[in-house]
Amino acid sequence: MSKSHLSGRLLARAQALQVLFQAEATGRPVDRILADEYVVTDGPIDDYGRDLALAVYDRRDDLDLVLGTVARNWSVGRMASVDRNILRIALYELLYEDAVGDAVAIDEAVRLSKVFGGDDSFSFVNGVLGRLQRDMGSGVDLVARAREQRAAREAEALAAQEAEAAAAADPELEAEADDAAAADDAAAEAVDADVAGA
């Protein structure tokens, strides 16, 4: 499907994607992009596309937090910008647009990834959104779960810092902390090797 065959809501989503991409590439907020010059397919931008770009941009922190819970082998920052923004748009629609069905949001995201993404983008996008949809279908509040996981990681990091400070004050504890850190590193390397082999 070429960009010239986009129409309706798919075109609006494509325009939102392009605005979000430009905001990210230039480091400017979406409202500034929309107030200045911007480039979108078959402009001017559709009202839904404008509203979607603004809403996704406003909620991107929570959206990225949620995406980070399911894209385990790819941190959100390592994702291709196009894929990341397609996922943000679809996730926003899954979470906050009751008028858009889950299947529609996912299908449109896959279609966008085929037009704008790389060769494997559509399977990556479909896989991530499929996992999120399954979790939502099980009654999981995705945002609450992501926030809880972040709080747990922050608590672990704080406990590790406190343990390091205590170990620095006591040489025997420092040796135990070094042994524990080496064991953690070995476990992480084993997980990385399993992921790479999968």
# chains A, B, ... in the order shown; residues from 1 in each chain; ligands from 1
>>> residues_around(residues="Gly117 (chain A)", least_positions_apart="6", cutoff="10 Å", atoms="only C-alpha atoms", output="PyMOL selection string")
chain A and resi 80-83+86+110-111+125
>>> write_last_selection(atoms="N, CA and C atoms", output="mmCIF file, in the first residue's frame")
data_model
loop_
_atom_site.group_PDB
_atom_site.id
_atom_site.type_symbol
_atom_site.label_atom_id
_atom_site.label_comp_id
_atom_site.auth_asym_id
_atom_site.auth_seq_id
_atom_site.Cartn_x
_atom_site.Cartn_y
_atom_site.Cartn_z
ATOM 1 N N ALA A 80 12.670 1.893 16.724
ATOM 2 C CA ALA A 80 12.679 2.855 15.623
ATOM 3 C C ALA A 80 11.611 3.902 15.906
ATOM 4 N N SER A 81 11.902 5.142 15.622
ATOM 5 C CA SER A 81 10.980 6.238 15.923
ATOM 6 C C SER A 81 9.608 6.023 15.301
ATOM 7 N N VAL A 82 9.575 5.531 14.075
ATOM 8 C CA VAL A 82 8.288 5.286 13.422
ATOM 9 C C VAL A 82 7.510 4.222 14.191
ATOM 10 N N ASP A 83 8.146 3.107 14.521
ATOM 11 C CA ASP A 83 7.471 2.042 15.257
ATOM 12 C C ASP A 83 6.980 2.544 16.612
ATOM 13 N N ILE A 86 3.928 4.747 16.104
ATOM 14 C CA ILE A 86 2.764 3.950 15.706
ATOM 15 C C ILE A 86 2.202 3.233 16.928
ATOM 16 N N VAL A 110 -0.948 -1.768 12.228
ATOM 17 C CA VAL A 110 -0.202 -2.695 11.366
ATOM 18 C C VAL A 110 -0.143 -2.137 9.948
ATOM 19 N N ARG A 111 -1.245 -1.595 9.465
ATOM 20 C CA ARG A 111 -1.254 -1.004 8.121
ATOM 21 C C ARG A 111 -0.274 0.169 8.033
ATOM 22 N N VAL A 125 5.024 -4.536 15.623
ATOM 23 C CA VAL A 125 3.880 -3.747 16.091
ATOM 24 C C VAL A 125 2.717 -4.665 16.446
#
>>> residues_around(residues="Gln15 (chain A)", least_positions_apart="3", cutoff="6 Å", atoms="only C-alpha atoms", output="ChimeraX atom specification")
/A:12,18,40,49
>>> select_by_dssp(residues="region 14-180 of chain A", states="helix (DSSP H, G or I)", output="ChimeraX atom specification")
/A:14-26,30-35,47-58,60-70,76-78,81-96,102-116,121-137,142-169,171-180
>>> closest_residue(among="A:Glu37, A:Asp102, A:Asp119, A:Asp107", to="Gln133 (chain A)", atoms="only C-alpha atoms")
A:Asp102
>>> residues_around(residues="Val140 (chain A)", least_positions_apart="5", cutoff="12 Å", atoms="only C-alpha atoms", output="VMD selection string")
chain A and resid 66 95 131 to 135 145 to 146
>>> closest_residue(among="A:Ala157, A:Phe21, A:Tyr96, A:Asp47", to="Gly8 (chain A)", atoms="only C-alpha atoms")
A:Asp47
>>> closest_residue(among="A:Leu63, A:Ile33, A:Leu10, A:Val115", to="Leu142 (chain A)", atoms="only C-alpha atoms")
A:Leu63
>>> residues_around(residues="Asp31 (chain A)", least_positions_apart="6", cutoff="12 Å", atoms="only C-alpha atoms", output="PyMOL selection string")
chain A and resi 16+19-20+22-23+37-38+50-58
>>> write_last_selection(atoms="N, CA, C and O atoms", output="PDB file, in the first residue's frame")
ATOM      1  N   ALA A  16      -1.113  12.075  11.982  1.00  0.00           N
ATOM      2  CA  ALA A  16      -0.709  12.177  13.390  1.00  0.00           C
ATOM      3  C   ALA A  16       0.684  11.584  13.574  1.00  0.00           C
ATOM      4  O   ALA A  16       1.533  12.155  14.263  1.00  0.00           O
ATOM      5  N   VAL A  19       3.306  13.997  12.299  1.00  0.00           N
ATOM      6  CA  VAL A  19       3.492  15.136  13.200  1.00  0.00           C
ATOM      7  C   VAL A  19       4.287  14.698  14.438  1.00  0.00           C
ATOM      8  O   VAL A  19       5.214  15.387  14.872  1.00  0.00           O
ATOM      9  N   LEU A  20       3.936  13.545  15.003  1.00  0.00           N
ATOM     10  CA  LEU A  20       4.664  13.036  16.169  1.00  0.00           C
ATOM     11  C   LEU A  20       6.128  12.765  15.822  1.00  0.00           C
ATOM     12  O   LEU A  20       7.027  13.074  16.606  1.00  0.00           O
ATOM     13  N   GLN A  22       7.895  14.271  13.504  1.00  0.00           N
ATOM     14  CA  GLN A  22       8.571  15.564  13.343  1.00  0.00           C
ATOM     15  C   GLN A  22       8.853  16.208  14.699  1.00  0.00           C
ATOM     16  O   GLN A  22       9.909  16.816  14.895  1.00  0.00           O
ATOM     17  N   ALA A  23       7.916  16.071  15.636  1.00  0.00           N
ATOM     18  CA  ALA A  23       8.135  16.626  16.978  1.00  0.00           C
ATOM     19  C   ALA A  23       9.320  15.940  17.643  1.00  0.00           C
ATOM     20  O   ALA A  23      10.189  16.599  18.231  1.00  0.00           O
ATOM     21  N   GLU A  37       5.504  25.342  10.517  1.00  0.00           N
ATOM     22  CA  GLU A  37       5.410  24.568   9.286  1.00  0.00           C
ATOM     23  C   GLU A  37       5.624  23.090   9.586  1.00  0.00           C
ATOM     24  O   GLU A  37       6.498  22.725  10.365  1.00  0.00           O
ATOM     25  N   TYR A  38       4.836  22.263   8.949  1.00  0.00           N
ATOM     26  CA  TYR A  38       4.982  20.820   9.070  1.00  0.00           C
ATOM     27  C   TYR A  38       4.563  20.194   7.749  1.00  0.00           C
ATOM     28  O   TYR A  38       3.924  20.835   6.915  1.00  0.00           O
ATOM     29  N   ARG A  50      -5.003  15.804  13.995  1.00  0.00           N
ATOM     30  CA  ARG A  50      -4.485  16.859  14.881  1.00  0.00           C
ATOM     31  C   ARG A  50      -4.757  16.502  16.349  1.00  0.00           C
ATOM     32  O   ARG A  50      -3.859  16.540  17.191  1.00  0.00           O
ATOM     33  N   ASP A  51      -6.008  16.160  16.642  1.00  0.00           N
ATOM     34  CA  ASP A  51      -6.379  15.834  18.026  1.00  0.00           C
ATOM     35  C   ASP A  51      -5.611  14.617  18.534  1.00  0.00           C
ATOM     36  O   ASP A  51      -5.172  14.577  19.687  1.00  0.00           O
ATOM     37  N   LEU A  52      -5.444  13.630  17.659  1.00  0.00           N
ATOM     38  CA  LEU A  52      -4.730  12.416  18.038  1.00  0.00           C
ATOM     39  C   LEU A  52      -3.264  12.712  18.334  1.00  0.00           C
ATOM     40  O   LEU A  52      -2.715  12.257  19.338  1.00  0.00           O
ATOM     41  N   ALA A  53      -2.620  13.490  17.487  1.00  0.00           N
ATOM     42  CA  ALA A  53      -1.209  13.840  17.710  1.00  0.00           C
ATOM     43  C   ALA A  53      -1.042  14.576  19.032  1.00  0.00           C
ATOM     44  O   ALA A  53      -0.118  14.277  19.810  1.00  0.00           O
ATOM     45  N   LEU A  54      -1.919  15.530  19.312  1.00  0.00           N
ATOM     46  CA  LEU A  54      -1.833  16.285  20.565  1.00  0.00           C
ATOM     47  C   LEU A  54      -2.059  15.382  21.780  1.00  0.00           C
ATOM     48  O   LEU A  54      -1.322  15.460  22.771  1.00  0.00           O
ATOM     49  N   ALA A  55      -3.067  14.512  21.703  1.00  0.00           N
ATOM     50  CA  ALA A  55      -3.399  13.643  22.831  1.00  0.00           C
ATOM     51  C   ALA A  55      -2.292  12.627  23.088  1.00  0.00           C
ATOM     52  O   ALA A  55      -1.916  12.383  24.245  1.00  0.00           O
ATOM     53  N   VAL A  56      -1.766  12.031  22.035  1.00  0.00           N
ATOM     54  CA  VAL A  56      -0.688  11.054  22.193  1.00  0.00           C
ATOM     55  C   VAL A  56       0.548  11.741  22.787  1.00  0.00           C
ATOM     56  O   VAL A  56       1.191  11.205  23.693  1.00  0.00           O
ATOM     57  N   TYR A  57       0.867  12.915  22.298  1.00  0.00           N
ATOM     58  CA  TYR A  57       2.025  13.635  22.810  1.00  0.00           C
ATOM     59  C   TYR A  57       1.852  13.951  24.305  1.00  0.00           C
ATOM     60  O   TYR A  57       2.795  13.789  25.088  1.00  0.00           O
ATOM     61  N   ASP A  58       0.653  14.353  24.703  1.00  0.00           N
ATOM     62  CA  ASP A  58       0.402  14.688  26.100  1.00  0.00           C
ATOM     63  C   ASP A  58       0.514  13.474  27.029  1.00  0.00           C
ATOM     64  O   ASP A  58       0.861  13.613  28.189  1.00  0.00           O
TER      65      ASP A  58
END
>>> closest_residue(among="A:Leu112, A:Val143, A:Ala160, A:Val39", to="Val70 (chain A)", atoms="only C-alpha atoms")
A:Val143
>>> atom_distance(atom1="CA of Ala90 (chain A)", atom2="CA of Gly137 (chain A)")
15.7 Å
